[in-house]
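Containing compact mmCIF, C-alpha atoms and all ligand atoms: run.txt.
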```
# COMPACT_ATOMS: atom_id res chain seq x y z
CA MET T 26 -10.50 17.33 1.55
CA SER T 27 -9.29 17.29 -2.04
CA ALA T 28 -9.13 14.05 -4.01
CA ILE T 29 -5.88 12.10 -3.95
CA VAL T 30 -7.25 9.50 -6.35
CA GLN T 31 -9.48 10.26 -9.31
CA ALA T 32 -10.34 7.43 -11.64
CA GLU T 33 -12.88 7.26 -14.43
CA GLY T 34 -13.79 4.27 -16.52
CA LEU T 35 -10.74 2.24 -15.50
CA VAL T 36 -10.42 -0.97 -17.47
CA LYS T 37 -7.78 -3.66 -17.05
CA ARG T 38 -7.89 -6.88 -19.02
CA TYR T 39 -5.71 -9.95 -18.79
CA ARG T 40 -5.31 -12.61 -21.39
CA ALA T 41 -4.99 -16.10 -19.97
CA GLY T 42 -4.74 -18.90 -22.51
CA GLY T 43 -6.83 -17.18 -25.17
CA GLU T 44 -9.49 -16.20 -22.62
CA GLU T 45 -9.94 -12.57 -21.74
CA VAL T 46 -10.46 -11.67 -18.09
CA ARG T 47 -11.81 -8.23 -17.27
CA ALA T 48 -10.05 -7.70 -13.96
CA LEU T 49 -11.41 -4.13 -13.79
CA ASP T 50 -14.51 -3.24 -15.72
CA HIS T 51 -15.10 0.53 -15.90
CA VAL T 52 -14.25 1.55 -12.37
CA ASP T 53 -15.01 5.13 -11.28
CA LEU T 54 -13.36 6.15 -8.05
CA ALA T 55 -12.69 9.32 -6.06
CA ILE T 56 -10.72 9.05 -2.83
CA ALA T 57 -10.32 12.06 -0.56
CA ARG T 58 -6.93 13.05 0.78
CA GLY T 59 -6.59 11.80 4.35
CA ASP T 60 -9.11 8.99 4.00
CA PHE T 61 -8.65 5.45 5.30
CA VAL T 62 -10.03 3.23 2.59
CA VAL T 63 -10.49 -0.51 2.50
CA ILE T 64 -11.16 -2.17 -0.83
CA ALA T 65 -12.95 -5.40 -0.09
CA GLY T 66 -14.27 -8.21 -2.23
CA ARG T 67 -13.69 -11.90 -2.55
CA SER T 68 -10.62 -13.43 -4.14
CA GLY T 69 -10.43 -12.61 -7.85
CA SER T 70 -12.66 -9.52 -7.63
CA GLY T 71 -9.88 -7.18 -8.82
CA LYS T 72 -8.46 -5.71 -5.60
CA THR T 73 -4.79 -6.31 -6.38
CA THR T 74 -5.26 -5.16 -9.97
CA LEU T 75 -6.76 -1.87 -8.74
CA LEU T 76 -4.03 -1.30 -6.16
CA ASN T 77 -1.35 -2.01 -8.76
CA LEU T 78 -2.84 0.65 -11.03
CA LEU T 79 -3.05 3.18 -8.18
CA GLY T 80 0.62 2.56 -7.35
CA ALA T 81 1.77 2.78 -10.99
CA LEU T 82 2.99 -0.81 -10.80
CA ASP T 83 0.79 -1.52 -13.79
CA ALA T 84 -1.06 0.58 -16.38
CA PRO T 85 -4.78 0.56 -17.29
CA ASP T 86 -6.01 -0.46 -20.75
CA ALA T 87 -8.55 2.36 -20.74
CA GLY T 88 -9.80 5.16 -18.52
CA LYS T 89 -8.45 8.15 -16.65
CA LEU T 90 -6.31 7.91 -13.54
CA VAL T 91 -4.81 10.76 -11.53
CA VAL T 92 -3.07 9.89 -8.24
CA ALA T 93 -1.42 12.46 -5.96
CA GLY T 94 -1.56 15.00 -8.76
CA MET T 95 0.06 12.78 -11.37
CA ASP T 96 -1.75 11.64 -14.49
CA LEU T 97 -0.70 7.99 -14.56
CA VAL T 98 -2.14 7.40 -18.03
CA GLN T 99 -0.10 10.15 -19.66
CA ALA T 100 3.07 9.62 -17.61
CA ASP T 101 6.04 7.89 -19.25
CA GLU T 102 7.95 5.11 -17.50
CA ALA T 103 10.50 7.50 -15.98
CA ALA T 104 7.74 9.61 -14.43
CA ARG T 105 6.01 6.46 -13.17
CA ALA T 106 9.22 5.22 -11.55
CA HIS T 107 9.67 8.61 -9.89
CA PHE T 108 6.10 8.45 -8.65
CA ARG T 109 6.64 4.99 -7.11
CA LEU T 110 9.81 6.09 -5.37
CA TRP T 111 8.69 9.48 -4.07
CA ARG T 112 4.94 9.62 -3.81
CA VAL T 113 3.64 6.30 -2.50
CA GLY T 114 4.57 3.76 0.14
CA PHE T 115 3.85 0.08 -0.43
CA VAL T 116 3.05 -2.66 2.07
CA PHE T 117 2.63 -6.18 0.72
CA GLN T 118 1.11 -9.38 2.02
CA ALA T 119 4.46 -11.17 2.21
CA TYR T 120 6.31 -8.27 3.95
CA ASN T 121 8.96 -8.29 1.17
CA LEU T 122 11.84 -7.53 3.51
CA ILE T 123 15.44 -8.39 2.70
CA ARG T 124 15.99 -11.29 5.10
CA ALA T 125 19.69 -10.83 5.78
CA LEU T 126 19.45 -7.09 6.46
CA SER T 127 18.65 -5.57 9.82
CA ALA T 128 15.30 -4.02 10.68
CA TRP T 129 16.69 -0.52 10.31
CA GLU T 130 18.39 -1.26 6.97
CA ASN T 131 15.09 -2.59 5.66
CA ALA T 132 13.22 0.44 6.98
CA ALA T 133 15.78 2.67 5.26
CA PHE T 134 15.65 0.80 1.95
CA VAL T 135 13.69 3.38 -0.03
CA LEU T 136 15.84 6.17 1.39
CA GLU T 137 18.92 4.39 0.09
CA LEU T 138 17.35 4.24 -3.38
CA ARG T 139 16.79 7.97 -3.09
CA GLY T 140 20.45 8.57 -2.26
CA VAL T 141 19.94 9.77 1.32
CA PRO T 142 23.30 9.60 3.19
CA LYS T 143 23.72 6.72 5.66
CA LYS T 144 23.74 8.75 8.87
CA GLU T 145 20.51 10.47 7.89
CA ARG T 146 18.95 7.19 6.74
CA LYS T 147 19.73 5.56 10.05
CA LYS T 148 18.22 8.45 12.00
CA ILE T 149 14.98 8.37 10.01
CA ALA T 150 14.76 4.57 10.10
CA PHE T 151 15.25 4.44 13.89
CA ALA T 152 12.55 7.08 14.35
CA MET T 153 10.13 5.19 12.09
CA LEU T 154 10.79 1.89 13.86
CA ALA T 155 10.03 3.59 17.17
CA ARG T 156 6.84 4.93 15.58
CA VAL T 157 5.66 1.42 14.74
CA GLY T 158 6.52 0.05 18.18
CA LEU T 159 9.87 -1.57 17.36
CA ALA T 160 12.29 0.54 19.41
CA GLY T 161 15.17 -1.67 20.52
CA MET T 162 14.75 -4.05 17.55
CA GLU T 163 16.65 -1.89 15.04
CA MET T 164 19.69 -4.18 14.72
CA ARG T 165 17.77 -7.47 14.48
CA ARG T 166 17.94 -9.29 11.19
CA ALA T 167 14.60 -9.35 9.38
CA ASP T 168 14.48 -13.15 9.44
CA GLU T 169 14.81 -13.14 13.23
CA LEU T 170 11.59 -11.15 13.62
CA SER T 171 8.07 -12.54 13.98
CA GLY T 172 5.55 -12.05 11.20
CA GLY T 173 3.85 -9.24 13.08
CA GLN T 174 7.18 -7.49 13.65
CA GLN T 175 8.21 -7.94 10.02
CA GLN T 176 5.01 -6.33 8.83
CA ARG T 177 5.67 -3.39 11.19
CA VAL T 178 9.12 -3.02 9.62
CA ALA T 179 7.38 -2.97 6.24
CA VAL T 180 5.12 -0.17 7.51
CA ALA T 181 8.17 1.71 8.83
CA ARG T 182 9.82 1.31 5.41
CA ALA T 183 6.71 2.69 3.70
CA LEU T 184 6.60 5.65 6.11
CA ALA T 185 10.32 6.47 5.95
CA ALA T 186 9.67 7.76 2.46
CA LYS T 187 7.19 10.32 3.86
CA PRO T 188 4.53 9.37 1.33
CA GLU T 189 1.19 11.10 0.89
CA LEU T 190 -0.34 7.74 0.19
CA VAL T 191 0.27 4.23 1.48
CA LEU T 192 -1.04 1.26 -0.51
CA ALA T 193 -1.30 -2.05 1.31
CA ASP T 194 -2.33 -5.29 -0.40
CA GLU T 195 -3.74 -7.88 2.04
CA PRO T 196 -1.37 -6.65 4.77
CA THR T 197 -2.81 -8.97 7.43
CA ALA T 198 -3.10 -12.12 5.32
CA ASN T 199 -0.16 -13.81 7.04
CA LEU T 200 -0.90 -12.53 10.56
CA ASP T 201 -2.93 -14.02 13.37
CA ARG T 202 -5.92 -12.09 14.60
CA GLY T 203 -4.13 -10.26 17.43
CA ASN T 204 -1.29 -9.10 15.19
CA ALA T 205 -3.76 -8.21 12.44
CA GLU T 206 -5.76 -6.02 14.82
CA SER T 207 -2.73 -4.20 16.17
CA LEU T 208 -1.32 -3.65 12.67
CA VAL T 209 -4.54 -2.11 11.38
CA ARG T 210 -4.88 0.03 14.50
CA LEU T 211 -1.32 1.25 13.94
CA MET T 212 -2.16 2.18 10.35
CA ARG T 213 -5.34 3.93 11.46
CA GLN T 214 -3.36 5.88 14.08
CA LEU T 215 -0.78 6.95 11.48
CA ASN T 216 -3.65 8.02 9.25
CA GLU T 217 -5.19 10.15 11.98
CA GLU T 218 -1.99 11.60 13.40
CA GLU T 219 0.06 12.14 10.24
CA GLY T 220 -2.76 12.66 7.76
CA ILE T 221 -1.39 9.99 5.43
CA THR T 222 -4.01 8.51 3.11
CA PHE T 223 -4.22 4.72 3.36
CA ILE T 224 -5.76 2.43 0.76
CA LEU T 225 -5.85 -1.20 1.80
CA ALA T 226 -7.05 -4.17 -0.20
CA SER T 227 -8.40 -6.83 2.11
CA HIS T 228 -11.24 -9.20 2.75
CA ASP T 229 -10.19 -9.59 6.40
CA PRO T 230 -13.13 -8.51 8.64
CA THR T 231 -10.60 -7.09 11.14
CA VAL T 232 -9.35 -4.70 8.46
CA MET T 233 -12.79 -3.92 7.04
CA ALA T 234 -14.00 -2.91 10.51
CA GLU T 235 -11.44 -0.07 10.63
CA ALA T 236 -12.37 1.43 7.25
CA ARG T 237 -13.63 4.98 7.05
CA THR T 238 -14.59 4.29 3.47
CA LEU T 239 -15.37 0.72 2.49
CA ILE T 240 -15.42 -0.04 -1.22
CA THR T 241 -16.63 -3.44 -2.36
CA LEU T 242 -15.52 -4.94 -5.66
CA GLU T 243 -17.27 -7.76 -7.45
CA ASP T 244 -16.03 -9.11 -10.77
CA GLY T 245 -14.02 -5.96 -11.43
CA ARG T 246 -16.83 -3.54 -10.62
CA ILE T 247 -17.55 -1.39 -7.59
CA VAL T 248 -20.83 -2.65 -6.17
CA ALA T 249 -20.89 -0.67 -2.91
CA THR T 250 -19.22 2.37 -1.35
CA GLU T 251 -19.88 2.94 2.31
CA SER T 252 -18.70 5.87 4.46
CA ARG T 253 -18.64 5.69 8.22
P1 LIG A 301 -7.99 -10.03 -6.04
O1 LIG A 301 -6.78 -9.29 -5.62
O2 LIG A 301 -9.26 -9.38 -5.61
O3 LIG A 301 -7.95 -11.46 -5.62
P2 LIG A 301 -6.92 -9.80 -8.73
O4 LIG A 301 -6.83 -8.37 -9.04
O5 LIG A 301 -5.67 -10.49 -8.33
O6 LIG A 301 -8.07 -10.04 -7.63
O7 LIG A 301 -7.52 -10.58 -9.98
C1 LIG A 301 -8.66 -10.14 -10.69
C2 LIG A 301 -8.90 -11.07 -11.88
O8 LIG A 301 -7.85 -10.95 -12.81
C3 LIG A 301 -8.96 -12.54 -11.49
O9 LIG A 301 -9.90 -13.16 -12.33
C4 LIG A 301 -7.57 -13.03 -11.78
O10 LIG A 301 -7.58 -14.40 -12.09
C5 LIG A 301 -7.19 -12.19 -12.98
N1 LIG A 301 -5.74 -11.94 -13.08
C6 LIG A 301 -5.00 -11.24 -12.18
N2 LIG A 301 -3.71 -11.16 -12.57
C7 LIG A 301 -3.63 -11.84 -13.73
C8 LIG A 301 -2.58 -12.12 -14.66
N3 LIG A 301 -1.33 -11.67 -14.43
N4 LIG A 301 -2.86 -12.85 -15.75
C9 LIG A 301 -4.12 -13.30 -15.98
N5 LIG A 301 -5.16 -13.06 -15.17
C10 LIG A 301 -4.93 -12.35 -14.06
MG MG A 302 -5.21 -9.83 -4.35
```
Same coordinates, now as structure tokens:
Amino acid sequence: MSAIVQAEGLVKRYRAGGEEVRALDHVDLAIARGDFVVIAGRSGSGKTTLLNLLGALDAPDAGKLVVAGMDLVQADEAARAHFRLWRVGFVFQAYNLIRALSAWENAAFVLELRGVPKKERKKIAFAMLARVGLAGMEMRRADELSGGQQQRVAVARALAAKPELVLADEPTANLDRGNAESLVRLMRQLNEEEGITFILASHDPTVMAEARTLITLEDGRIVATESR
């Protein structure tokens, strides 16, 4: 397995009212292609900051970062935007669906940004919704779906883009235990069957239990890396 993420000496600082916070403090990280990684650590440990750097949603202050073959430190904004659209899929805590659109339109959202024709978009979106266990729900409006179903639509949306890498920030935070378990099992299944690399940030024990590689952050530093 070759590395899909290579990071060396990653530093990210925030300034909050004159105080400097080191959200990431010299993080070295190598993640193998095809891995299922959970980044754990208590609130404020730097999980979201790290995921945002990996997804090119934000840029480091120092260090090296290569993700899916792209040097995210050297890349200009156009290259970073291209990377976000074509190389990674995102799943967020709050689902981030467009409420008034149907499940399939939400699942097809990234494809629309990419200019895929409607007929093709619909075909891919329906297939992805079936893949996440939502066959028959394609025409439902997002705001008529349960939290667990909405998060599955978000996973379908991430997958429709055929990414090498899916980044998920606290994906179970708004789900009850049963829905959290089935969502993580779905992600794990997609990882095993499609070979997609998953990197999840979560302090949910249900999620941590499914990790193949568990990385623990504390005050912006990696304090443990565990492979199972
Ligand atoms: P986690 O996701 O593990 O809860 P974060 O990455 O969100 O941690 O935050 C890491 C640290 O950086 C925390 O101390 C947090 O308060 C700080 N931080 C995060 N985002 C900002 C920001 N936009 N401005 C100032 N400080 C921030
Ligand atoms: Mg967070």
Can you tell me which residues sit at most 12 Å away from ligand MG 302 (chain A), counting all atoms listed in the file, written as an MDAnalysis selection string? chainID T and resid 48 64:77 117:119 193:196 198 225:229 242 245
Written selection (C-alpha atoms) as a short mmCIF file (atom, residue, chain, number, x, y, z; two decimals), in the coordinates of the input:
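Written out: out-v7.cif:
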```cif
data_model
loop_
_atom_site.label_atom_id
_atom_site.label_comp_id
_atom_site.auth_asym_id
_atom_site.auth_seq_id
_atom_site.Cartn_x
_atom_site.Cartn_y
_atom_site.Cartn_z
CA ALA T 48 -10.05 -7.70 -13.96
CA ILE T 64 -11.16 -2.17 -0.83
CA ALA T 65 -12.95 -5.40 -0.09
CA GLY T 66 -14.27 -8.21 -2.23
CA ARG T 67 -13.69 -11.90 -2.55
CA SER T 68 -10.62 -13.43 -4.14
CA GLY T 69 -10.43 -12.61 -7.85
CA SER T 70 -12.66 -9.52 -7.63
CA GLY T 71 -9.88 -7.18 -8.82
CA LYS T 72 -8.46 -5.71 -5.60
CA THR T 73 -4.79 -6.31 -6.38
CA THR T 74 -5.26 -5.16 -9.97
CA LEU T 75 -6.76 -1.87 -8.74
CA LEU T 76 -4.03 -1.30 -6.16
CA ASN T 77 -1.35 -2.01 -8.76
CA PHE T 117 2.63 -6.18 0.72
CA GLN T 118 1.11 -9.38 2.02
CA ALA T 119 4.46 -11.17 2.21
CA ALA T 193 -1.30 -2.05 1.31
CA ASP T 194 -2.33 -5.29 -0.40
CA GLU T 195 -3.74 -7.88 2.04
CA PRO T 196 -1.37 -6.65 4.77
CA ALA T 198 -3.10 -12.12 5.32
CA LEU T 225 -5.85 -1.20 1.80
CA ALA T 226 -7.05 -4.17 -0.20
CA SER T 227 -8.40 -6.83 2.11
CA HIS T 228 -11.24 -9.20 2.75
CA ASP T 229 -10.19 -9.59 6.40
CA LEU T 242 -15.52 -4.94 -5.66
CA GLY T 245 -14.02 -5.96 -11.43
#
```
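A distance cut-off of 10 Å around (21.4, -10.7, 6.0), counting all atoms listed in the file, selects these protein and nucleic acid residues: Ile123, Arg124, Ala125, Leu126, Ser127, Glu130, Arg165, Arg166, Ala167 and Asp168 of chain T.
Using all atoms listed in the file, the nearest neighbour of ligand LIG 301 (chain A) within the list T:Arg105, T:Arg139, T:Arg246, T:Arg112 is T:Arg246.
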Return the single residue from T:His107, T:Phe61, T:Arg38, T:Leu136 that is closest to ligand LIG 301 (chain A), with distances computed using all atoms listed in the file. T:Arg38
Can you pull out the residues contacting Val180 of chain T? Cut-off 7 Å, using all atoms listed in the file, and skip same-chain residues under 4 positions away; I want them as a ChimeraX atom specification. /T:116,176,184
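In this comparison, which uses all atoms listed in the file, the residue of T:Ala205, T:Val30, T:Ile56, T:Ala100 approaching Leu79 of chain T most closely is T:Val30.
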Suppose you want the space between atom CA of Gly161 of chain T and atom CA of Glu235 of chain T; what is it in Å?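 Value for the atom CA of Gly161 of chain T-atom CA of Glu235 of chain T distance: 28.4 Å.
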What is the distance, in Å and to one decimal place, between atom CA of Arg156 of chain T and atom CA of Ser252 of chain T? 27.9 Å
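Using only C-alpha atoms and all ligand atoms for every distance, the candidate list T:Ile29, T:Val62, T:Val157, T:Val46 yields T:Val46 as the residue closest to ligand LIG 301 (chain A).
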Residue neighbourhood Ala93 of chain T, 12 Å, all atoms listed in the file, exclusion window fewer than 4 positions, as a ChimeraX atom specification: /T:27-32,55-59,79-81,97,105,108-109,111-113,188-191,221-222
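Distances to Lys187 of chain T were evaluated for T:Ala41, T:Leu90, T:Ile149, T:Ala249 using all atoms listed in the file, and the minimum falls at T:Ile149.
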I'd like the interatomic distance between atom N3 of ligand LIG 301 (chain A) and atom CA of Lys37 of chain T, to a tenth of an Å.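 Calculated distance between atom N3 of ligand LIG 301 (chain A) and atom CA of Lys37 of chain T is 10.6 Å.
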Need the axis-aligned box for segment 144-155 of chain T with 6 Å each side, so what are the centre and edges in Å to one decimal, as JSON?
```
{"center_x": 16.9, "center_y": 6.2, "center_z": 12.0, "size_x": 25.7, "size_y": 20.6, "size_z": 22.4}
```
Have a look at T:Thr241, T:His51, T:Val232, T:Gln175 and name the one nearest to ligand LIG 301 (chain A); count all atoms listed in the file.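 Residue with the minimum atom-to-atom distance to ligand LIG 301 (chain A): T:Thr241.
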Need the shell around Gly34 of chain T: protein/DNA/RNA residues with any atom at most 10 Å away, counting only C-alpha atoms. Skip same-chain ones fewer than 2 positions apart. Format as a list of chain:residue names?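 Near Gly34 of chain T, the qualifying residues are T:Ala32, T:Val36, T:Lys37, T:Leu49, T:Asp50, T:His51, T:Val52, T:Asp53, T:Leu54, T:Pro85, T:Ala87, T:Gly88, T:Lys89, T:Leu90.
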Test item: residues at most 12 Å from Arg210 of chain T, only C-alpha atoms, excluding those fewer than 4 positions along its chain, as a list in words: Phe61, Val157, Gly158, Arg177, Thr197, Gly203, Asn204, Ala205, Glu206, Gln214, Leu215, Asn216, Glu217, Glu218, Thr231, Val232, Met233, Ala234, Glu235 and Ala236 of chain T
Taking N, CA, C and O atoms as the atom set, what does segment 57-81 of chain T look like once completed, written as a JSON list (two decimals), in the coordinates of the input?
```
[["chain", "number", "residue", "atom", "x", "y", "z"],
["T", 57, "ALA", "N", -10.72, 10.77, -1.15],
["T", 57, "ALA", "CA", -10.32, 12.06, -0.56],
["T", 57, "ALA", "C", -8.98, 11.92, 0.15],
["T", 57, "ALA", "O", -8.67, 10.89, 0.75],
["T", 58, "ARG", "N", -8.19, 12.97, 0.05],
["T", 58, "ARG", "CA", -6.93, 13.05, 0.78],
["T", 58, "ARG", "C", -7.21, 12.86, 2.27],
["T", 58, "ARG", "O", -8.15, 13.43, 2.79],
["T", 59, "GLY", "N", -6.42, 12.02, 2.92],
["T", 59, "GLY", "CA", -6.59, 11.80, 4.35],
["T", 59, "GLY", "C", -7.56, 10.69, 4.71],
["T", 59, "GLY", "O", -7.75, 10.39, 5.89],
["T", 60, "ASP", "N", -8.14, 10.05, 3.72],
["T", 60, "ASP", "CA", -9.11, 8.99, 4.00],
["T", 60, "ASP", "C", -8.39, 7.69, 4.38],
["T", 60, "ASP", "O", -7.18, 7.54, 4.15],
["T", 61, "PHE", "N", -9.15, 6.80, 4.98],
["T", 61, "PHE", "CA", -8.65, 5.45, 5.30],
["T", 61, "PHE", "C", -9.61, 4.48, 4.62],
["T", 61, "PHE", "O", -10.72, 4.26, 5.08],
["T", 62, "VAL", "N", -9.14, 3.97, 3.49],
["T", 62, "VAL", "CA", -10.03, 3.23, 2.59],
["T", 62, "VAL", "C", -9.68, 1.75, 2.60],
["T", 62, "VAL", "O", -8.51, 1.38, 2.54],
["T", 63, "VAL", "N", -10.69, 0.93, 2.69],
["T", 63, "VAL", "CA", -10.49, -0.51, 2.50],
["T", 63, "VAL", "C", -11.26, -0.94, 1.26],
["T", 63, "VAL", "O", -12.45, -0.65, 1.13],
["T", 64, "ILE", "N", -10.54, -1.59, 0.35],
["T", 64, "ILE", "CA", -11.16, -2.17, -0.83],
["T", 64, "ILE", "C", -11.35, -3.65, -0.55],
["T", 64, "ILE", "O", -10.39, -4.39, -0.36],
["T", 65, "ALA", "N", -12.61, -4.03, -0.45],
["T", 65, "ALA", "CA", -12.95, -5.40, -0.09],
["T", 65, "ALA", "C", -13.51, -6.13, -1.31],
["T", 65, "ALA", "O", -13.71, -5.53, -2.37],
["T", 66, "GLY", "N", -13.76, -7.39, -1.13],
["T", 66, "GLY", "CA", -14.27, -8.21, -2.23],
["T", 66, "GLY", "C", -13.57, -9.55, -2.19],
["T", 66, "GLY", "O", -12.42, -9.63, -1.77],
["T", 67, "ARG", "N", -14.28, -10.56, -2.66],
["T", 67, "ARG", "CA", -13.69, -11.90, -2.55],
["T", 67, "ARG", "C", -12.50, -12.05, -3.50],
["T", 67, "ARG", "O", -12.27, -11.19, -4.35],
["T", 68, "SER", "N", -11.80, -13.15, -3.33],
["T", 68, "SER", "CA", -10.62, -13.43, -4.14],
["T", 68, "SER", "C", -10.99, -13.40, -5.62],
["T", 68, "SER", "O", -12.01, -13.94, -6.02],
["T", 69, "GLY", "N", -10.18, -12.69, -6.41],
["T", 69, "GLY", "CA", -10.43, -12.61, -7.85],
["T", 69, "GLY", "C", -11.31, -11.46, -8.26],
["T", 69, "GLY", "O", -11.61, -11.28, -9.44],
["T", 70, "SER", "N", -11.73, -10.62, -7.30],
["T", 70, "SER", "CA", -12.66, -9.52, -7.63],
["T", 70, "SER", "C", -11.96, -8.31, -8.24],
["T", 70, "SER", "O", -12.63, -7.41, -8.75],
["T", 71, "GLY", "N", -10.62, -8.27, -8.17],
["T", 71, "GLY", "CA", -9.88, -7.18, -8.82],
["T", 71, "GLY", "C", -9.15, -6.24, -7.87],
["T", 71, "GLY", "O", -8.61, -5.22, -8.30],
["T", 72, "LYS", "N", -9.07, -6.59, -6.60],
["T", 72, "LYS", "CA", -8.46, -5.71, -5.60],
["T", 72, "LYS", "C", -6.99, -5.43, -5.90],
["T", 72, "LYS", "O", -6.55, -4.27, -5.90],
["T", 73, "THR", "N", -6.22, -6.49, -6.12],
["T", 73, "THR", "CA", -4.79, -6.31, -6.38],
["T", 73, "THR", "C", -4.57, -5.54, -7.69],
["T", 73, "THR", "O", -3.71, -4.65, -7.76],
["T", 74, "THR", "N", -5.37, -5.86, -8.68],
["T", 74, "THR", "CA", -5.26, -5.16, -9.97],
["T", 74, "THR", "C", -5.47, -3.66, -9.76],
["T", 74, "THR", "O", -4.70, -2.84, -10.27],
["T", 75, "LEU", "N", -6.48, -3.30, -8.99],
["T", 75, "LEU", "CA", -6.76, -1.87, -8.74],
["T", 75, "LEU", "C", -5.61, -1.22, -7.98],
["T", 75, "LEU", "O", -5.15, -0.13, -8.35],
["T", 76, "LEU", "N", -5.13, -1.88, -6.94],
["T", 76, "LEU", "CA", -4.03, -1.30, -6.16],
["T", 76, "LEU", "C", -2.77, -1.13, -7.02],
["T", 76, "LEU", "O", -2.06, -0.13, -6.91],
["T", 77, "ASN", "N", -2.51, -2.10, -7.88],
["T", 77, "ASN", "CA", -1.35, -2.01, -8.76],
["T", 77, "ASN", "C", -1.45, -0.83, -9.72],
["T", 77, "ASN", "O", -0.44, -0.19, -10.04],
["T", 78, "LEU", "N", -2.67, -0.52, -10.17],
["T", 78, "LEU", "CA", -2.84, 0.65, -11.03],
["T", 78, "LEU", "C", -2.64, 1.93, -10.23],
["T", 78, "LEU", "O", -1.96, 2.86, -10.69],
["T", 79, "LEU", "N", -3.18, 1.97, -9.01],
["T", 79, "LEU", "CA", -3.05, 3.18, -8.18],
["T", 79, "LEU", "C", -1.60, 3.47, -7.84],
["T", 79, "LEU", "O", -1.20, 4.62, -7.67],
["T", 80, "GLY", "N", -0.78, 2.41, -7.70],
["T", 80, "GLY", "CA", 0.62, 2.56, -7.35],
["T", 80, "GLY", "C", 1.55, 2.63, -8.55],
["T", 80, "GLY", "O", 2.76, 2.59, -8.40],
["T", 81, "ALA", "N", 0.99, 2.71, -9.74],
["T", 81, "ALA", "CA", 1.77, 2.78, -10.99],
["T", 81, "ALA", "C", 2.67, 1.56, -11.17],
["T", 81, "ALA", "O", 3.72, 1.62, -11.81]]
```
